[in-house]
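**Student:** Following this message is one structure expressed as structure tokens.
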Amino acid sequence: MKVKVLPIIISSLLIPSGGAFAQQICSQSFSFSAQVTSTSGTTSSTPVLCSSKADTFIDSFESIESVSNAYQSKTEGVNINARFADISLQMSYQPNSAVLNFSFPELGVNERIVGQGANVVAARDNAEDQFVEFIKKTNLAGRILKAQAQSSPSSAISGAGGLIPNMIANDFAVGTSGPVSLTGKEPTSNENLIGVGADAGSYKLDNSGGTVNVTSLPLSYTVRFDSNPSRQLIFSLPLTLTEIDGAQSYQTGLGMALRLPVQSNWAITPAVKYGVVGSEDRATVAGVYSATLSSVYGFEALGLDMAIGNMVGIYQTSKFTAGEYSFDPDVKNSAFRNGLLVSQPVNVFGKKLAVEYSVIDTRYFGSEKPFMKEFQEVGVTIGNNRNALDNSSYVRAGVGYQTGKGSEAIKANVGYWF
């Protein structure tokens, strides 16, 4: 896939802007509004353009004259208010001037660039080239993505349906969803397992009223050790498509986890993973390393099978390189995820299954937290009993509801291991 994200970021930023005005009117991640002042002093304002896609900015930047009839000689004064990736941006040229003023108030960036050239049009082109170098040398693109992660539920890195929340959920599932013994029996089956599934979720965002739809295909392969089938090496490869108001992003990653039995009803699972998210529409590319430690403990109470799942994880973005550009959002998140699962045996057409109810809490800790700093989930699934250790295959399917700062979601999932 050809990466165009950094050129998108740069082109978008070069659009003259006036952030405060656009921010008040537009609740989507990207907006554009320009005021053009002719040499005679006449001022013309463009409508505010709002979108979930960065293309809005690229199209406007490539032909500002088509957006504003007043911008014809390309020497007019321009003041632009914008939002780029939920971050306010202001840029301006005075009439017949090649001095480019720009600011990102939320980032504390306030700079000016003096363009060089034979005439104003050429000098403005030079100023914009210098601005590209400024972005490249100061990691401005990375700072924008970091600020978005901390201020918006729309972030493709840490927002609703974002890479890090999805990694947390997947890591927890790998560490706690396997069967555990409640009777003291050790499993005898040492067959390896292939896991396939399908997950879907729909998030409603409070800030914009927009919807984030997430579709995921979690794949896994479990190696059971001959010496002790409770000891397992698990490889995971989730494939995810996220869409917000037509803007798409893609996620994937490769994880490895080692399930270690402490007792017949208790197992711990250290795991590592590397995930990536890429979106031309959202002007986002990032890689994330993670290291987690999970625990699942099974017991019987009130005639029901229960399990307590706990996980602690560290998530760190990595530097991404595209051509001459290299940046890192420098997002560092640490999270706890804890859940209680209660299983009730049921008989469906003569087959012994279990209905499982779950309550799960996820919250970030430490000095750096994303906008969605905590979220809670409740769910119900039906499938094989977790105490059925010798099954050569098992299946589970369910639905859930999640709520957190800035969003709420309905989810559905199905998984099959064979």
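Identifiers in this document derive from the order of the structure tokens: chains are assigned A, B, ..., residues are numbered from 1 separately in each chain, and ligands are numbered from 1 in order of occurrence.
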Report as a list of chain:residue names all protein, DNA and RNA residues lying within 8 Å of Leu258 (chain A), evaluated on only C-alpha atoms, omitting residues in the same chain fewer than 2 positions from it.

**Tutor:** A:Arg231, A:Gln232, A:Leu233, A:Ile234, A:Met256, A:Leu260, A:Thr269, A:Pro270, A:Ala271

**Student:** Taking N, CA and C atoms for each residue, export the selection above as a short mmCIF file (atom, residue, chain, number, x, y, z; two decimals), in the first residue's frame.

**Tutor:**
data_model
loop_
_atom_site.label_atom_id
_atom_site.label_comp_id
_atom_site.auth_asym_id
_atom_site.auth_seq_id
_atom_site.Cartn_x
_atom_site.Cartn_y
_atom_site.Cartn_z
N ARG A 231 -0.13 -25.72 29.23
CA ARG A 231 0.88 -24.74 28.81
C ARG A 231 0.74 -24.54 27.32
N GLN A 232 0.55 -23.28 26.90
CA GLN A 232 0.22 -23.02 25.50
C GLN A 232 0.98 -21.81 24.98
N LEU A 233 1.38 -21.89 23.72
CA LEU A 233 1.97 -20.77 23.01
C LEU A 233 0.95 -20.29 21.99
N ILE A 234 0.57 -19.02 22.10
CA ILE A 234 -0.54 -18.50 21.30
C ILE A 234 -0.05 -17.37 20.40
N MET A 256 2.39 -12.58 20.32
CA MET A 256 2.80 -13.88 20.83
C MET A 256 2.62 -13.91 22.34
N LEU A 260 0.87 -19.96 31.00
CA LEU A 260 1.59 -20.76 31.99
C LEU A 260 0.66 -21.13 33.14
N THR A 269 -0.37 -15.25 31.77
CA THR A 269 0.02 -15.19 30.37
C THR A 269 0.79 -13.92 30.08
N PRO A 270 2.11 -13.97 29.99
CA PRO A 270 2.86 -12.82 29.47
C PRO A 270 2.74 -12.80 27.95
N ALA A 271 2.71 -11.59 27.37
CA ALA A 271 2.52 -11.47 25.92
C ALA A 271 3.20 -10.22 25.40
#

**Student:** Can you list every residue in region 98-326 of chain A that DSSP puts in strand (DSSP E or B), as a PyMOL selection string?

**Tutor:** chain A and resi 99-104+109-114+193-205+211-224+232-244+247-263+266-279+284-301+304-318+320-322+325-326

**Student:** Show which residues sit within 7 Å of region 157-169 of chain A, as a list of chain:residue names. Count only C-alpha atoms, and ignore same-chain residues fewer than 5 positions away.

**Tutor:**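 Counting only C-alpha atoms, the residues come to A:Ala149, A:Ser152, A:Tyr203, A:Val212, A:Val214, A:Thr242, A:Gln251, A:Val277, A:Pro370, A:Met372, A:Ser407.
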
**Student:** Store the residues picked out above, limited to N, CA and C atoms, as a short mmCIF file (atom, residue, chain, number, x, y, z; two decimals), in the first residue's frame.

**Tutor:**
data_model
loop_
_atom_site.label_atom_id
_atom_site.label_comp_id
_atom_site.auth_asym_id
_atom_site.auth_seq_id
_atom_site.Cartn_x
_atom_site.Cartn_y
_atom_site.Cartn_z
N ALA A 149 -4.80 12.34 20.27
CA ALA A 149 -5.04 11.19 21.14
C ALA A 149 -5.45 11.62 22.55
N SER A 152 -9.37 13.92 21.89
CA SER A 152 -10.52 13.59 21.06
C SER A 152 -10.82 12.09 21.08
N TYR A 203 -19.78 2.53 17.46
CA TYR A 203 -19.58 3.53 18.51
C TYR A 203 -20.29 4.83 18.13
N VAL A 212 -18.64 5.47 14.61
CA VAL A 212 -17.46 4.69 14.25
C VAL A 212 -17.87 3.23 14.17
N VAL A 214 -16.67 -0.63 13.46
CA VAL A 214 -15.46 -1.45 13.52
C VAL A 214 -15.81 -2.89 13.14
N THR A 242 -11.82 0.08 10.35
CA THR A 242 -12.58 1.07 11.11
C THR A 242 -13.05 2.17 10.16
N GLN A 251 -6.14 -1.66 10.59
CA GLN A 251 -5.28 -2.08 11.69
C GLN A 251 -4.91 -3.55 11.53
N VAL A 277 -1.52 0.96 12.55
CA VAL A 277 -2.75 1.56 12.03
C VAL A 277 -2.35 2.50 10.91
N PRO A 370 -5.02 8.85 27.48
CA PRO A 370 -5.75 9.34 26.31
C PRO A 370 -7.06 10.00 26.72
N MET A 372 -10.07 8.98 26.04
CA MET A 372 -10.91 7.91 26.59
C MET A 372 -10.11 7.20 27.68
N SER A 407 -18.00 8.37 24.24
CA SER A 407 -18.58 7.42 23.31
C SER A 407 -19.32 6.32 24.03
#

**Student:** Just the residues within 8 Å of region 278-295 of chain A, please, counting only C-alpha atoms, with nothing from its chain fewer than 5 positions along; format it as an mmCIF file with C-alpha atoms, in the first residue's frame.

**Tutor:**
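As written to disk, around.cif reads:
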data_model
loop_
_atom_site.group_PDB
_atom_site.id
_atom_site.type_symbol
_atom_site.label_atom_id
_atom_site.label_comp_id
_atom_site.auth_asym_id
_atom_site.auth_seq_id
_atom_site.Cartn_x
_atom_site.Cartn_y
_atom_site.Cartn_z
ATOM 1 C CA VAL A 3 1.795 5.598 2.007
ATOM 2 C CA LYS A 4 0.508 9.106 1.391
ATOM 3 C CA VAL A 5 -0.213 10.145 4.956
ATOM 4 C CA LEU A 6 2.627 12.602 5.516
ATOM 5 C CA ILE A 8 -1.589 14.622 3.220
ATOM 6 C CA ILE A 9 -0.639 16.109 6.584
ATOM 7 C CA SER A 52 -13.981 13.340 8.578
ATOM 8 C CA LYS A 53 -11.493 13.082 5.701
ATOM 9 C CA ALA A 54 -8.264 14.988 5.122
ATOM 10 C CA ASP A 55 -9.087 15.220 1.399
ATOM 11 C CA ALA A 85 -7.052 16.023 13.137
ATOM 12 C CA LEU A 145 -1.381 12.980 16.423
ATOM 13 C CA ALA A 156 -7.323 6.412 15.178
ATOM 14 C CA ILE A 157 -4.589 5.604 17.703
ATOM 15 C CA ILE A 164 -4.587 0.826 21.346
ATOM 16 C CA ASP A 171 -4.610 -8.985 24.569
ATOM 17 C CA PHE A 172 -7.108 -9.511 27.383
ATOM 18 C CA GLY A 175 -4.902 -14.093 28.148
ATOM 19 C CA THR A 176 -8.264 -14.920 29.723
ATOM 20 C CA ALA A 247 -13.246 7.768 6.479
ATOM 21 C CA GLN A 248 -11.511 4.400 6.738
ATOM 22 C CA SER A 249 -8.503 3.170 8.698
ATOM 23 C CA TYR A 250 -6.867 -0.235 8.789
ATOM 24 C CA GLN A 251 -5.281 -2.080 11.689
ATOM 25 C CA TRP A 266 -5.110 -20.513 37.595
ATOM 26 C CA ALA A 267 -2.954 -19.434 34.661
ATOM 27 C CA ILE A 268 -0.844 -16.378 33.867
ATOM 28 C CA THR A 269 0.015 -15.193 30.366
ATOM 29 C CA PRO A 270 2.861 -12.822 29.472
ATOM 30 C CA ALA A 271 2.518 -11.473 25.923
ATOM 31 C CA VAL A 272 4.116 -9.096 23.427
ATOM 32 C CA LYS A 273 2.635 -7.601 20.272
ATOM 33 C CA ILE A 308 -11.626 -13.506 37.388
ATOM 34 C CA GLY A 309 -9.491 -11.992 34.638
ATOM 35 C CA ASN A 310 -6.846 -9.346 35.223
ATOM 36 C CA MET A 311 -4.361 -7.698 32.884
ATOM 37 C CA VAL A 312 -1.778 -4.931 33.025
ATOM 38 C CA GLY A 313 -0.272 -3.621 29.800
ATOM 39 C CA ILE A 314 2.146 -1.035 28.452
ATOM 40 C CA TYR A 315 1.592 0.476 24.981
ATOM 41 C CA GLN A 316 4.164 2.636 23.193
ATOM 42 C CA THR A 317 4.064 4.104 19.697
ATOM 43 C CA SER A 318 7.111 3.693 17.480
ATOM 44 C CA LYS A 319 8.721 5.930 14.893
ATOM 45 C CA PHE A 320 7.225 5.708 11.433
ATOM 46 C CA ASP A 328 6.671 9.428 16.226
ATOM 47 C CA PRO A 329 3.426 10.461 17.971
#

**Student:** Figure out the distance between CA of Ala301 (chain A) and CA of Ser393 (chain A), please, to one decimal in Å.

**Tutor:** 26.4 Å

**Student:** In terms of the shortest atom-to-atom distance over only C-alpha atoms, which of A:Thr362, A:Gln94, A:Asn207, A:Ser33 is closest to Gly339 (chain A)?

**Tutor:** A:Thr362
